[in-house]
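Q: For reference, the file upload-v6.cif (mmCIF, C-alpha atoms) is included below:
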```
data_protein
#
loop_
_atom_site.label_atom_id
_atom_site.label_comp_id
_atom_site.auth_asym_id
_atom_site.auth_seq_id
_atom_site.Cartn_x
_atom_site.Cartn_y
_atom_site.Cartn_z
CA MET A 1 -39.72 33.96 -103.68
CA LYS A 2 -37.50 30.94 -104.04
CA ALA A 3 -38.92 28.23 -106.30
CA ASN A 4 -40.33 25.21 -104.42
CA SER A 5 -40.10 26.93 -101.04
CA PRO A 6 -43.21 26.33 -98.89
CA LEU A 7 -44.38 29.92 -99.28
CA GLU A 8 -43.96 29.88 -103.05
CA ARG A 9 -45.96 26.63 -103.24
CA LEU A 10 -48.81 28.14 -101.22
CA TYR A 11 -48.89 31.25 -103.42
CA ASN A 12 -48.78 29.10 -106.55
CA GLY A 13 -51.72 26.96 -105.41
CA ILE A 14 -53.95 29.75 -104.16
CA ILE A 15 -53.34 32.43 -106.80
CA LYS A 16 -51.13 31.55 -109.74
CA GLU A 17 -52.50 28.12 -110.57
CA ASN A 18 -55.78 28.20 -108.68
CA PRO A 19 -57.36 24.83 -109.51
CA THR A 20 -60.90 26.15 -109.82
CA PHE A 21 -60.52 29.42 -111.65
CA VAL A 22 -57.25 29.04 -113.55
CA LEU A 23 -56.79 25.34 -114.24
CA MET A 24 -60.53 24.50 -114.13
CA LEU A 25 -59.92 21.11 -112.57
CA GLY A 26 -62.33 19.11 -110.46
CA MET A 27 -65.48 20.55 -111.96
CA CYS A 28 -67.82 17.81 -110.73
CA PRO A 29 -67.53 18.53 -106.98
CA THR A 30 -67.21 22.24 -107.74
CA LEU A 31 -70.70 22.34 -109.17
CA ALA A 32 -72.30 19.65 -107.08
CA VAL A 33 -71.56 20.61 -103.49
CA THR A 34 -71.52 24.40 -103.66
CA THR A 35 -75.18 24.80 -102.73
CA SER A 36 -74.05 26.71 -99.64
CA ALA A 37 -70.85 28.38 -98.52
CA LYS A 38 -70.52 25.91 -95.65
CA ASN A 39 -70.68 22.87 -97.92
CA GLY A 40 -68.21 24.39 -100.34
CA PHE A 41 -65.80 25.16 -97.53
CA GLY A 42 -66.18 21.67 -96.05
CA MET A 43 -65.56 19.99 -99.38
CA GLY A 44 -62.54 22.20 -100.03
CA MET A 45 -61.00 21.42 -96.65
CA THR A 46 -61.65 17.69 -97.03
CA THR A 47 -59.98 17.71 -100.43
CA MET A 48 -57.09 19.71 -99.03
CA VAL A 49 -56.39 17.20 -96.27
CA ILE A 50 -56.45 14.30 -98.72
CA LEU A 51 -54.37 16.16 -101.27
CA ALA A 52 -51.71 17.14 -98.74
CA LEU A 53 -51.47 13.63 -97.25
CA SER A 54 -51.40 11.86 -100.60
CA ASN A 55 -48.82 14.28 -101.99
CA LEU A 56 -46.63 13.66 -98.95
CA MET A 57 -47.02 9.89 -99.18
CA ILE A 58 -46.45 9.70 -102.93
CA SER A 59 -43.44 11.96 -102.68
CA MET A 60 -41.92 9.71 -100.02
CA LEU A 61 -42.63 6.62 -102.10
CA ARG A 62 -41.61 8.16 -105.41
CA LYS A 63 -38.34 6.24 -105.69
CA MET A 64 -39.97 2.94 -104.81
CA ILE A 65 -42.90 3.03 -107.22
CA PRO A 66 -41.96 1.56 -110.61
CA ASP A 67 -42.78 3.88 -113.46
CA SER A 68 -45.01 1.42 -115.31
CA VAL A 69 -47.51 0.95 -112.47
CA ARG A 70 -47.43 4.45 -111.04
CA MET A 71 -51.04 5.34 -111.91
CA PRO A 72 -52.60 2.35 -110.09
CA ALA A 73 -50.20 2.94 -107.19
CA TYR A 74 -51.26 6.58 -106.90
CA ILE A 75 -54.92 5.58 -107.08
CA VAL A 76 -54.48 3.10 -104.22
CA VAL A 77 -52.72 5.68 -102.05
CA VAL A 78 -55.38 8.30 -102.74
CA ALA A 79 -58.25 5.84 -102.22
CA SER A 80 -56.83 4.75 -98.86
CA PHE A 81 -56.64 8.32 -97.61
CA VAL A 82 -60.14 9.03 -98.92
CA THR A 83 -61.48 6.03 -97.01
CA ILE A 84 -59.75 7.15 -93.80
CA VAL A 85 -60.99 10.73 -94.11
CA GLN A 86 -64.48 9.52 -94.96
CA PHE A 87 -64.71 7.57 -91.71
CA LEU A 88 -63.24 10.43 -89.69
CA LEU A 89 -65.89 12.75 -91.13
CA GLN A 90 -68.65 10.24 -90.47
CA GLY A 91 -67.51 9.96 -86.87
CA PHE A 92 -66.72 13.54 -85.99
CA ILE A 93 -68.65 15.84 -88.38
CA PRO A 94 -71.74 13.78 -89.31
CA SER A 95 -73.67 16.83 -90.60
CA LEU A 96 -70.99 17.55 -93.22
CA TYR A 97 -70.78 13.85 -94.05
CA ASP A 98 -74.51 13.77 -94.74
CA SER A 99 -74.58 16.86 -96.89
CA LEU A 100 -71.55 15.90 -99.01
CA GLY A 101 -72.71 12.29 -99.34
CA ILE A 102 -71.39 10.42 -102.34
CA TYR A 103 -69.01 13.23 -103.31
CA ILE A 104 -66.60 12.31 -100.51
CA PRO A 105 -65.63 8.89 -101.96
CA LEU A 106 -65.63 10.52 -105.39
CA ILE A 107 -62.64 12.62 -104.33
CA VAL A 108 -60.63 9.59 -105.52
CA VAL A 109 -61.33 10.49 -109.13
CA ASN A 110 -60.83 14.22 -108.58
CA CYS A 111 -58.32 15.16 -111.25
CA ILE A 112 -56.59 17.72 -109.03
CA ILE A 113 -55.26 14.98 -106.78
CA LEU A 114 -53.98 12.62 -109.46
CA GLY A 115 -52.80 15.60 -111.48
CA ARG A 116 -50.67 16.94 -108.63
CA ALA A 117 -49.35 13.47 -107.81
CA GLU A 118 -48.24 13.02 -111.39
CA ALA A 119 -47.03 16.55 -112.05
CA TYR A 120 -45.46 17.51 -108.75
CA ALA A 121 -45.22 14.94 -105.96
CA SER A 122 -43.60 12.29 -108.15
CA LYS A 123 -40.72 14.62 -108.91
CA ASN A 124 -40.16 16.65 -105.75
CA GLY A 125 -39.24 16.17 -102.11
CA PRO A 126 -41.77 15.48 -99.32
CA VAL A 127 -41.76 18.95 -97.72
CA SER A 128 -42.40 20.94 -100.89
CA SER A 129 -44.93 18.32 -102.03
CA LEU A 130 -46.80 18.66 -98.74
CA PHE A 131 -46.95 22.41 -99.15
CA ASP A 132 -47.89 22.05 -102.79
CA GLY A 133 -50.84 19.93 -101.65
CA ILE A 134 -51.83 22.43 -98.97
CA GLY A 135 -51.55 25.34 -101.41
CA MET A 136 -53.57 23.64 -104.13
CA GLY A 137 -56.12 22.52 -101.54
CA LEU A 138 -56.47 26.04 -100.18
CA GLY A 139 -56.89 27.34 -103.72
CA PHE A 140 -59.64 24.78 -104.28
CA THR A 141 -61.25 25.77 -100.97
CA VAL A 142 -61.18 29.45 -101.96
CA GLY A 143 -62.82 28.58 -105.29
CA LEU A 144 -65.53 26.39 -103.81
CA THR A 145 -66.29 28.76 -100.94
CA SER A 146 -66.64 31.76 -103.22
CA ILE A 147 -68.96 29.92 -105.59
CA GLY A 148 -70.88 28.67 -102.54
CA ILE A 149 -71.21 32.21 -101.15
CA VAL A 150 -72.56 33.54 -104.46
CA ARG A 151 -75.07 30.71 -104.83
CA GLU A 152 -76.23 30.83 -101.22
CA LEU A 153 -76.57 34.62 -101.25
CA ILE A 154 -78.59 34.79 -104.48
CA GLY A 155 -80.47 31.57 -103.82
CA SER A 156 -81.59 32.00 -100.22
CA GLY A 157 -80.32 35.38 -99.07
CA LYS A 158 -77.89 33.92 -96.57
CA ILE A 159 -74.13 33.73 -96.10
CA PHE A 160 -72.81 30.83 -94.00
CA GLY A 161 -76.37 30.41 -92.71
CA MET A 162 -76.75 34.04 -91.55
CA THR A 163 -79.68 35.84 -93.12
CA VAL A 164 -78.75 38.86 -95.22
CA PHE A 165 -82.14 39.44 -96.86
CA ASN A 166 -85.35 37.49 -97.09
CA GLY A 167 -86.36 35.48 -100.11
CA GLY A 168 -84.05 34.78 -103.02
CA ALA A 169 -84.14 32.94 -106.33
CA THR A 170 -84.28 29.29 -105.33
CA ILE A 171 -83.06 28.20 -108.76
CA PHE A 172 -79.52 29.19 -107.77
CA ILE A 173 -79.45 26.49 -105.12
CA LEU A 174 -80.77 23.92 -107.59
CA ALA A 175 -78.70 22.32 -110.33
CA PRO A 176 -79.11 24.97 -113.09
CA GLY A 177 -77.88 27.71 -110.77
CA ALA A 178 -74.51 26.01 -110.48
CA PHE A 179 -74.01 26.17 -114.24
CA PHE A 180 -75.14 29.81 -114.39
CA VAL A 181 -72.90 31.00 -111.57
CA LEU A 182 -69.83 29.24 -112.96
CA ALA A 183 -70.57 30.57 -116.45
CA MET A 184 -70.74 34.12 -115.08
CA LEU A 185 -67.52 33.72 -113.09
CA VAL A 186 -65.60 32.36 -116.08
CA ALA A 187 -66.99 35.09 -118.34
CA LEU A 188 -65.94 37.69 -115.79
CA GLN A 189 -62.48 36.21 -115.70
CA ASN A 190 -62.28 36.27 -119.51
CA ARG A 191 -63.36 39.91 -119.46
CA VAL A 192 -60.61 40.85 -117.01
CA LYS A 193 -58.04 38.96 -119.07
CA MET A 194 -59.19 40.70 -122.25
CA LYS A 195 -58.87 44.11 -120.62
CA LYS A 196 -55.28 43.34 -119.74
CA ASP A 197 -54.47 41.86 -123.13
CA PRO A 198 -57.04 42.52 -125.86
CA ALA A 199 -55.47 39.97 -128.18
CA ALA A 200 -56.15 37.17 -125.72
CA ALA A 201 -59.64 36.34 -126.92
CA PRO A 202 -60.80 33.13 -125.25
CA LYS A 203 -59.99 30.06 -127.23
CA ALA A 204 -62.84 27.76 -128.13
CA CYS A 205 -62.45 25.20 -125.37
CA ASP A 206 -59.19 23.64 -126.44
CA GLU A 207 -57.76 24.20 -123.02
CA SER A 208 -60.84 23.22 -121.12
CA LEU A 209 -60.81 19.95 -123.00
CA CYS A 210 -57.58 19.20 -121.26
CA ALA A 211 -58.93 20.29 -117.92
CA GLY A 212 -61.55 17.58 -117.64
CA CYS A 213 -61.26 14.81 -115.08
CA THR A 214 -61.42 12.33 -117.91
CA ASN A 215 -58.46 13.83 -119.56
CA HIS A 216 -56.35 13.87 -116.48
CA MET A 217 -53.58 12.18 -118.42
CA CYS A 218 -53.65 15.02 -120.87
CA ALA A 219 -54.05 17.57 -118.08
CA SER A 220 -51.16 16.18 -116.14
CA LYS A 221 -49.04 16.22 -119.24
CA LYS A 222 -49.80 19.89 -119.51
CA ASN A 223 -48.98 20.39 -115.85
CA ALA A 224 -45.84 18.34 -116.19
CA GLU A 225 -44.62 20.70 -118.84
CA LYS A 226 -45.35 23.60 -116.56
CA GLY A 227 -43.80 21.85 -113.57
CA GLY A 228 -40.79 20.98 -115.66
CA THR A 229 -40.10 24.58 -116.47
CA GLN A 230 -40.44 25.56 -112.84
CA SER A 231 -38.18 23.03 -111.27
CA MET B 232 -90.52 -5.28 -113.65
CA ARG B 233 -92.36 -2.12 -112.68
CA GLU B 234 -89.66 -1.32 -110.18
CA LEU B 235 -86.90 -1.81 -112.73
CA LEU B 236 -88.70 0.53 -115.12
CA MET B 237 -88.96 3.13 -112.39
CA ILE B 238 -85.23 2.86 -111.69
CA ALA B 239 -84.46 3.14 -115.41
CA VAL B 240 -86.63 6.20 -116.05
CA GLY B 241 -85.51 7.74 -112.80
CA SER B 242 -81.82 7.60 -113.51
CA ALA B 243 -81.99 8.24 -117.26
CA LEU B 244 -84.25 11.27 -117.22
CA VAL B 245 -85.39 12.51 -113.83
CA ASN B 246 -82.07 12.41 -111.97
CA ASN B 247 -79.99 12.83 -115.10
CA VAL B 248 -76.42 11.97 -114.25
CA VAL B 249 -74.88 15.08 -115.78
CA LEU B 250 -77.54 17.72 -115.48
CA SER B 251 -78.78 17.09 -111.98
CA GLN B 252 -76.11 15.01 -110.25
CA PHE B 253 -73.02 16.60 -111.84
CA LEU B 254 -71.25 13.31 -112.44
CA GLY B 255 -69.26 12.86 -115.63
CA LEU B 256 -69.28 16.58 -116.22
CA CYS B 257 -65.80 16.62 -117.66
CA PRO B 258 -66.43 14.50 -120.76
CA PHE B 259 -69.76 16.28 -121.06
CA LEU B 260 -67.97 19.61 -121.41
CA GLY B 261 -64.85 18.28 -123.10
CA VAL B 262 -66.04 15.86 -125.79
CA SER B 263 -69.30 17.54 -126.80
CA LYS B 264 -67.99 19.65 -129.64
CA LYS B 265 -69.09 17.39 -132.47
CA MET B 266 -72.12 15.16 -132.80
CA ASP B 267 -70.27 12.01 -133.90
CA THR B 268 -67.59 12.12 -131.21
CA ALA B 269 -70.30 12.78 -128.62
CA ALA B 270 -72.25 9.76 -129.85
CA GLY B 271 -69.07 7.65 -129.76
CA MET B 272 -68.32 8.71 -126.22
CA GLY B 273 -71.92 7.97 -125.25
CA ALA B 274 -71.76 4.49 -126.73
CA ALA B 275 -68.48 3.76 -124.94
CA VAL B 276 -69.95 4.96 -121.64
CA ILE B 277 -73.07 2.78 -122.08
CA PHE B 278 -70.85 -0.21 -122.77
CA VAL B 279 -68.46 0.28 -119.84
CA LEU B 280 -70.98 1.51 -117.30
CA THR B 281 -73.31 -1.45 -117.81
CA ILE B 282 -70.49 -3.97 -117.44
CA SER B 283 -68.87 -2.14 -114.55
CA SER B 284 -72.05 -1.75 -112.52
CA PHE B 285 -72.74 -5.46 -113.03
CA CYS B 286 -69.21 -6.40 -111.90
CA THR B 287 -69.11 -4.04 -108.93
CA SER B 288 -72.51 -5.17 -107.61
CA LEU B 289 -71.38 -8.77 -108.03
CA ILE B 290 -68.14 -8.15 -106.15
CA TYR B 291 -69.87 -6.12 -103.47
CA LYS B 292 -72.45 -8.81 -102.82
CA PHE B 293 -70.27 -11.91 -102.97
CA VAL B 294 -66.85 -10.68 -101.85
CA LEU B 295 -67.14 -7.57 -99.73
CA VAL B 296 -70.34 -8.39 -97.84
CA THR B 297 -69.47 -12.02 -97.19
CA THR B 298 -66.05 -11.10 -95.84
CA GLY B 299 -67.39 -8.09 -93.93
CA MET B 300 -65.13 -5.63 -95.71
CA GLU B 301 -67.71 -3.12 -96.90
CA TYR B 302 -65.44 -0.32 -95.77
CA MET B 303 -63.02 -1.18 -98.57
CA GLN B 304 -65.60 -0.37 -101.23
CA THR B 305 -64.02 2.80 -102.59
CA ILE B 306 -60.59 1.24 -103.09
CA VAL B 307 -61.95 -2.02 -104.50
CA PHE B 308 -64.38 -0.31 -106.89
CA ILE B 309 -61.85 2.06 -108.39
CA LEU B 310 -59.35 -0.74 -108.96
CA VAL B 311 -62.02 -3.01 -110.45
CA ILE B 312 -63.12 -0.24 -112.80
CA ALA B 313 -59.57 0.58 -113.89
CA ALA B 314 -58.78 -3.09 -114.52
CA LEU B 315 -62.09 -3.65 -116.27
CA VAL B 316 -61.57 -0.80 -118.70
CA GLN B 317 -58.15 -2.22 -119.58
CA LEU B 318 -59.63 -5.68 -120.09
CA VAL B 319 -62.48 -4.39 -122.23
CA GLU B 320 -59.99 -2.50 -124.34
CA MET B 321 -57.80 -5.56 -124.89
CA PHE B 322 -60.79 -7.79 -125.52
CA LEU B 323 -62.28 -5.45 -128.10
CA LYS B 324 -58.94 -4.99 -129.83
CA LYS B 325 -58.56 -8.75 -130.25
CA THR B 326 -62.10 -9.84 -131.07
CA MET B 327 -63.97 -6.87 -132.50
CA PRO B 328 -61.53 -4.58 -134.31
CA ALA B 329 -64.35 -2.63 -135.97
CA LEU B 330 -65.99 -1.74 -132.68
CA TYR B 331 -62.59 -1.06 -131.15
CA LYS B 332 -61.84 1.40 -133.91
CA SER B 333 -64.93 3.43 -133.14
CA LEU B 334 -64.86 3.21 -129.32
CA GLY B 335 -61.15 2.67 -128.64
CA VAL B 336 -60.07 6.26 -128.20
CA TYR B 337 -62.76 6.92 -125.61
CA LEU B 338 -62.12 3.89 -123.43
CA PRO B 339 -59.04 5.09 -121.52
CA LEU B 340 -60.83 8.35 -120.81
CA ILE B 341 -63.60 6.53 -119.01
CA THR B 342 -61.51 5.16 -116.13
CA THR B 343 -61.52 8.47 -114.36
CA ASN B 344 -65.06 9.41 -115.36
CA CYS B 345 -66.66 10.09 -112.01
CA ALA B 346 -69.96 8.70 -113.27
CA VAL B 347 -68.60 5.14 -113.34
CA LEU B 348 -67.44 5.14 -109.73
CA GLY B 349 -70.44 7.26 -108.78
CA VAL B 350 -72.94 4.70 -110.07
CA ALA B 351 -71.12 1.85 -108.32
CA LEU B 352 -71.33 3.75 -105.03
CA LEU B 353 -74.95 4.81 -105.58
CA ASN B 354 -75.91 1.19 -106.21
CA VAL B 355 -74.53 0.32 -102.79
CA GLN B 356 -76.10 3.34 -101.15
CA ASN B 357 -79.54 2.51 -102.55
CA ASN B 358 -79.24 -1.19 -101.67
CA TYR B 359 -79.70 -2.26 -105.26
CA GLY B 360 -79.23 -5.96 -106.05
CA ILE B 361 -77.28 -7.19 -109.03
CA LEU B 362 -80.10 -6.87 -111.58
CA GLU B 363 -81.26 -3.49 -110.29
CA GLY B 364 -77.68 -2.24 -110.17
CA THR B 365 -77.02 -3.27 -113.76
CA VAL B 366 -80.25 -1.66 -114.95
CA ASN B 367 -79.35 1.48 -113.03
CA GLY B 368 -75.90 1.56 -114.65
CA PHE B 369 -77.32 1.10 -118.12
CA ALA B 370 -80.01 3.74 -117.61
CA THR B 371 -77.56 6.23 -116.15
CA ALA B 372 -75.34 5.77 -119.19
CA VAL B 373 -78.31 6.25 -121.51
CA GLY B 374 -79.09 9.47 -119.67
CA PHE B 375 -75.48 10.56 -120.14
CA THR B 376 -75.65 9.78 -123.86
CA ILE B 377 -78.92 11.69 -124.28
CA SER B 378 -77.52 14.79 -122.65
CA ILE B 379 -74.11 14.73 -124.35
CA VAL B 380 -75.64 14.21 -127.82
CA LEU B 381 -78.17 17.00 -127.24
CA MET B 382 -75.36 19.23 -126.05
CA ALA B 383 -73.24 18.46 -129.12
CA GLY B 384 -76.16 19.30 -131.39
CA LEU B 385 -76.63 22.62 -129.65
CA ARG B 386 -72.93 23.42 -129.73
CA GLU B 387 -72.72 22.78 -133.46
CA LYS B 388 -75.41 25.43 -133.92
CA ILE B 389 -73.91 27.83 -131.38
CA GLU B 390 -70.69 27.98 -133.42
CA TYR B 391 -72.39 30.18 -136.01
CA ASN B 392 -73.90 32.63 -133.54
CA ASP B 393 -72.55 36.00 -132.60
CA ILE B 394 -71.70 35.59 -128.93
CA PRO B 395 -70.29 38.41 -126.76
CA LYS B 396 -66.55 37.89 -126.57
CA PRO B 397 -66.13 37.07 -122.86
CA PHE B 398 -68.81 34.40 -123.17
CA ARG B 399 -67.12 32.49 -125.99
CA GLY B 400 -65.84 29.04 -125.18
CA MET B 401 -66.68 27.60 -121.77
CA PRO B 402 -69.19 30.17 -120.41
CA ILE B 403 -71.72 29.78 -123.22
CA VAL B 404 -71.49 26.00 -122.93
CA LEU B 405 -72.15 26.24 -119.20
CA LEU B 406 -75.12 28.53 -119.77
CA THR B 407 -76.52 26.07 -122.32
CA ALA B 408 -76.06 23.26 -119.82
CA GLY B 409 -77.92 25.30 -117.22
CA LEU B 410 -80.87 25.80 -119.57
CA MET B 411 -80.88 22.10 -120.44
CA SER B 412 -80.86 21.33 -116.75
CA ILE B 413 -83.98 23.47 -116.28
CA ALA B 414 -85.62 21.62 -119.17
CA PHE B 415 -84.82 18.26 -117.55
CA PHE B 416 -86.60 19.43 -114.40
CA GLY B 417 -89.74 18.93 -116.44
CA PHE B 418 -89.27 15.17 -116.12
CA SER B 419 -89.49 15.24 -112.36
CA GLY B 420 -93.27 14.94 -112.53
CA MET B 421 -92.94 11.54 -114.21
CA ILE B 422 -92.30 9.45 -111.10
#
```
Can you present the structure in this file as structure tokens?
A:
Amino acid sequence: MKANSPLERLYNGIIKENPTFVLMLGMCPTLAVTTSAKNGFGMGMTTMVILALSNLMISMLRKMIPDSVRMPAYIVVVASFVTIVQFLLQGFIPSLYDSLGIYIPLIVVNCIILGRAEAYASKNGPVSSLFDGIGMGLGFTVGLTSIGIVRELIGSGKIFGMTVFNGGATIFILAPGAFFVLAMLVALQNRVKMKKDPAAAPKACDESLCAGCTNHMCASKKNAEKGGTQS
Amino acid sequence: MRELLMIAVGSALVNNVVLSQFLGLCPFLGVSKKMDTAAGMGAAVIFVLTISSFCTSLIYKFVLVTTGMEYMQTIVFILVIAALVQLVEMFLKKTMPALYKSLGVYLPLITTNCAVLGVALLNVQNNYGILEGTVNGFATAVGFTISIVLMAGLREKIEYNDIPKPFRGMPIVLLTAGLMSIAFFGFSGMI
């Protein structure tokens, strides 16, 4: 696949640099809204729309934004799109709006969006940035939906609201369940990685330190290095 | 007074910002390796969150509501918070170098802490006034500090344990957080 072609961007976002499982970005919404598969999917799609639009916009404006004020400029662009999408959701899908609640405006501080703006959209053309946003957003949707499916299935015996079995361990829908499910998924991923390469024992959190929303500057630096080698 | 106390206990313990609302999870997982850095981060968050929730409630009440621009809240809040953190940093650097030395490194990290924006938005959602909003911000930050310091204490002990290999690093921290979250459920009987 040619680098920066739309297809390559989609593959990169969904598989190679999946924001949830590989980069571990955007942990707050990942844990908070995945109480059911439907919520996870809705949050993922909402983030995808905002990510694609803001990537497109920032990429088009990249030559106009002075380097010294780029962070505030990105934040304003992202916040505007978040506000627009928030009102669209409130108007057209009120049930999703109610169940996601405060986490919709909080998409502004989602590190995936600022991270991609900094690492990719500010350096590449509008078309590949748009597809980069769509790819990353789809990857995020896949991550959230799969965590949502696991939690909903164990917690209430349903998938997308359809009953699979009766009963279930309610704790998986509550807050602690989110931590447990994510812990298991990461451990599973570590196990698979270790099978492939026994020397690759998981490092003690040095990487995850960079993955936090707070450290998005650090995270984007890391991404920038990666992006730099790709482009 | 009673109401303020209820708000404070509610947001510090019962609806703990990290363990039940999942806000500010990233510093919670990222900066909780050592007790002293965790305490430093907690202090910085208390400082910024109290000031920022005061400022955002003030701006919401006197600027956004009076001009009928409530729909701009997300954009205005995030910009106010970003500017405020910069100001606090400059102010501390100039006037209180000792405090700046201990909190300085954590301040830039706080801008994108979802808890700060989250509290500003929750204050609006719950119709809190300026005093209630400030108390809520302070209490939320205290709750954050309690959980991050507890977590750091646990992680310092975990270091010496023999953990199955795939669980080293992030997974064991997440499991610990899950158990702490169960423990914090115990507070829900309080109000």
Q: Translate the PyMOL selection byres ((chain B and resi 420) around 12) into a concrete residue list for this structure, as a count of residues only.
A: 12
Q: For this file, the PyMOL selection byres ((chain B and resi 309) around 9) selects which residues, as a short mmCIF file (atom, residue, chain, number, x, y, z; two decimals) with C-alpha atoms, keeping the file's coordinate frame?
A:
```cif
data_model
loop_
_atom_site.label_atom_id
_atom_site.label_comp_id
_atom_site.auth_asym_id
_atom_site.auth_seq_id
_atom_site.Cartn_x
_atom_site.Cartn_y
_atom_site.Cartn_z
CA ILE A 75 -54.92 5.58 -107.08
CA VAL A 76 -54.48 3.10 -104.22
CA ALA A 79 -58.25 5.84 -102.22
CA VAL A 108 -60.63 9.59 -105.52
CA VAL A 109 -61.33 10.49 -109.13
CA GLN B 304 -65.60 -0.37 -101.23
CA THR B 305 -64.02 2.80 -102.59
CA ILE B 306 -60.59 1.24 -103.09
CA VAL B 307 -61.95 -2.02 -104.50
CA PHE B 308 -64.38 -0.31 -106.89
CA LEU B 310 -59.35 -0.74 -108.96
CA VAL B 311 -62.02 -3.01 -110.45
CA ILE B 312 -63.12 -0.24 -112.80
CA ALA B 313 -59.57 0.58 -113.89
CA ALA B 314 -58.78 -3.09 -114.52
CA THR B 342 -61.51 5.16 -116.13
CA THR B 343 -61.52 8.47 -114.36
CA VAL B 347 -68.60 5.14 -113.34
CA LEU B 348 -67.44 5.14 -109.73
#
```
Q: Scan for residues within 12 Å of the point (-71.0, 6.8, -115.0) in the coordinates of the file, using only C-alpha atoms, and reply as a ChimeraX atom specification.
A: /A:106,109,214 /B:242-243,247-249,252-259,272-284,312,340-354,365,367-376
Q: Specify as a VMD selection string each residue included when the PyMOL selection byres ((chain B and resi 402) around 9) is applied to this file.
A: (chain A and resid 179 to 180 182 to 187) or (chain B and resid 397 to 401 403 to 407)
Q: What does the distance between CA of Glu8 (chain A) and CA of Ala52 (chain A) come to in Å, to one decimal place?
A: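 If I compute the distance from CA of Glu8 (chain A) to CA of Ala52 (chain A), I get 15.5 Å.
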Q: Measure the distance from CA of Ala383 (chain B) to CA of Ser263 (chain B) in Å and round it to one decimal.
A: 4.7 Å
Q: Using only C-alpha atoms and a cutoff of 6 Å, can you tell me which residues are near (-67.8, 27.9, -101.2) in the file's coordinates, and write them out as a PDB file with C-alpha atoms, in the coordinates of the input?
A:
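Just written: point_22.pdb:
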```pdb
ATOM      1  CA  THR A  34     -71.520  24.400-103.660  1.00  0.00           C
ATOM      2  CA  ALA A  37     -70.850  28.380 -98.520  1.00  0.00           C
ATOM      3  CA  GLY A  40     -68.210  24.390-100.340  1.00  0.00           C
ATOM      4  CA  PHE A  41     -65.800  25.160 -97.530  1.00  0.00           C
ATOM      5  CA  LEU A 144     -65.530  26.390-103.810  1.00  0.00           C
ATOM      6  CA  THR A 145     -66.290  28.760-100.940  1.00  0.00           C
ATOM      7  CA  SER A 146     -66.640  31.760-103.220  1.00  0.00           C
ATOM      8  CA  ILE A 147     -68.960  29.920-105.590  1.00  0.00           C
ATOM      9  CA  GLY A 148     -70.880  28.670-102.540  1.00  0.00           C
ATOM     10  CA  ILE A 149     -71.210  32.210-101.150  1.00  0.00           C
TER      11      ILE A 149
END
```
Q: Using only C-alpha atoms, which residue out of A:Ile107, A:Val127, A:Ile65, A:Met162 lies closest to chain B?
A: A:Ile107
Q: What's the separation between CA of Ile173 (chain A) and CA of Asn39 (chain A), in Å to one decimal place?
A: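 Atom-to-atom, CA of Ile173 (chain A) to CA of Asn39 (chain A), that is 11.9 Å.
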Q: Which is closest to chain B among A:Leu138, A:Met64, A:Met43, A:Ile112, if we use all atoms listed in the file?
A: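 Among the listed residues, A:Ile112 lies closest to chain B.
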Q: Taking 6 positions as the minimum chain separation for residues in the same chain, which residues sit within 9 Å of region 409-411 of chain B when counting only C-alpha atoms? Answer as a list in words.
A: Ala175, Pro176, Gly177, Ala178, Phe179 and Phe180 of chain A; Leu250, Ser378, Leu381 and Met382 of chain B
Q: Of the candidates A:Thr46, A:Asn166, A:Thr35, A:Asn190, which shows the shortest atom-to-atom distance to Ser99 (chain A), using all atoms listed in the file?
A: A:Thr35
Q: Of the candidates B:Thr326, B:Met266, B:Asn358, B:Val336, which shows the shortest atom-to-atom distance to Ile377 (chain B), using only C-alpha atoms?
A: B:Met266
Q: Given all atoms listed in the file as the basis, pick out the residue of B:Lys388, B:Lys396, B:Lys332, B:Lys325 nearest to chain A.
A: B:Lys396
Q: Skipping near chain neighbours, those fewer than 2 positions away, what residues fall within 10 Å of Arg9 (chain A) using all atoms listed in the file, listed as an NGL selection string?
A: :A and (1-7 or 11-14 or 16-17 or 128-136)
Q: Export, as an mmCIF file, keeping the file's coordinate frame, the selected residues with C-alpha atoms.
A:
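Writing done, so here's out-v8.cif:
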```cif
data_model
loop_
_atom_site.group_PDB
_atom_site.id
_atom_site.type_symbol
_atom_site.label_atom_id
_atom_site.label_comp_id
_atom_site.auth_asym_id
_atom_site.auth_seq_id
_atom_site.Cartn_x
_atom_site.Cartn_y
_atom_site.Cartn_z
ATOM 1 C CA MET A 1 -39.720 33.960 -103.680
ATOM 2 C CA LYS A 2 -37.500 30.940 -104.040
ATOM 3 C CA ALA A 3 -38.920 28.230 -106.300
ATOM 4 C CA ASN A 4 -40.330 25.210 -104.420
ATOM 5 C CA SER A 5 -40.100 26.930 -101.040
ATOM 6 C CA PRO A 6 -43.210 26.330 -98.890
ATOM 7 C CA LEU A 7 -44.380 29.920 -99.280
ATOM 8 C CA TYR A 11 -48.890 31.250 -103.420
ATOM 9 C CA ASN A 12 -48.780 29.100 -106.550
ATOM 10 C CA GLY A 13 -51.720 26.960 -105.410
ATOM 11 C CA ILE A 14 -53.950 29.750 -104.160
ATOM 12 C CA LYS A 16 -51.130 31.550 -109.740
ATOM 13 C CA GLU A 17 -52.500 28.120 -110.570
ATOM 14 C CA SER A 128 -42.400 20.940 -100.890
ATOM 15 C CA SER A 129 -44.930 18.320 -102.030
ATOM 16 C CA LEU A 130 -46.800 18.660 -98.740
ATOM 17 C CA PHE A 131 -46.950 22.410 -99.150
ATOM 18 C CA ASP A 132 -47.890 22.050 -102.790
ATOM 19 C CA GLY A 133 -50.840 19.930 -101.650
ATOM 20 C CA ILE A 134 -51.830 22.430 -98.970
ATOM 21 C CA GLY A 135 -51.550 25.340 -101.410
ATOM 22 C CA MET A 136 -53.570 23.640 -104.130
#
```
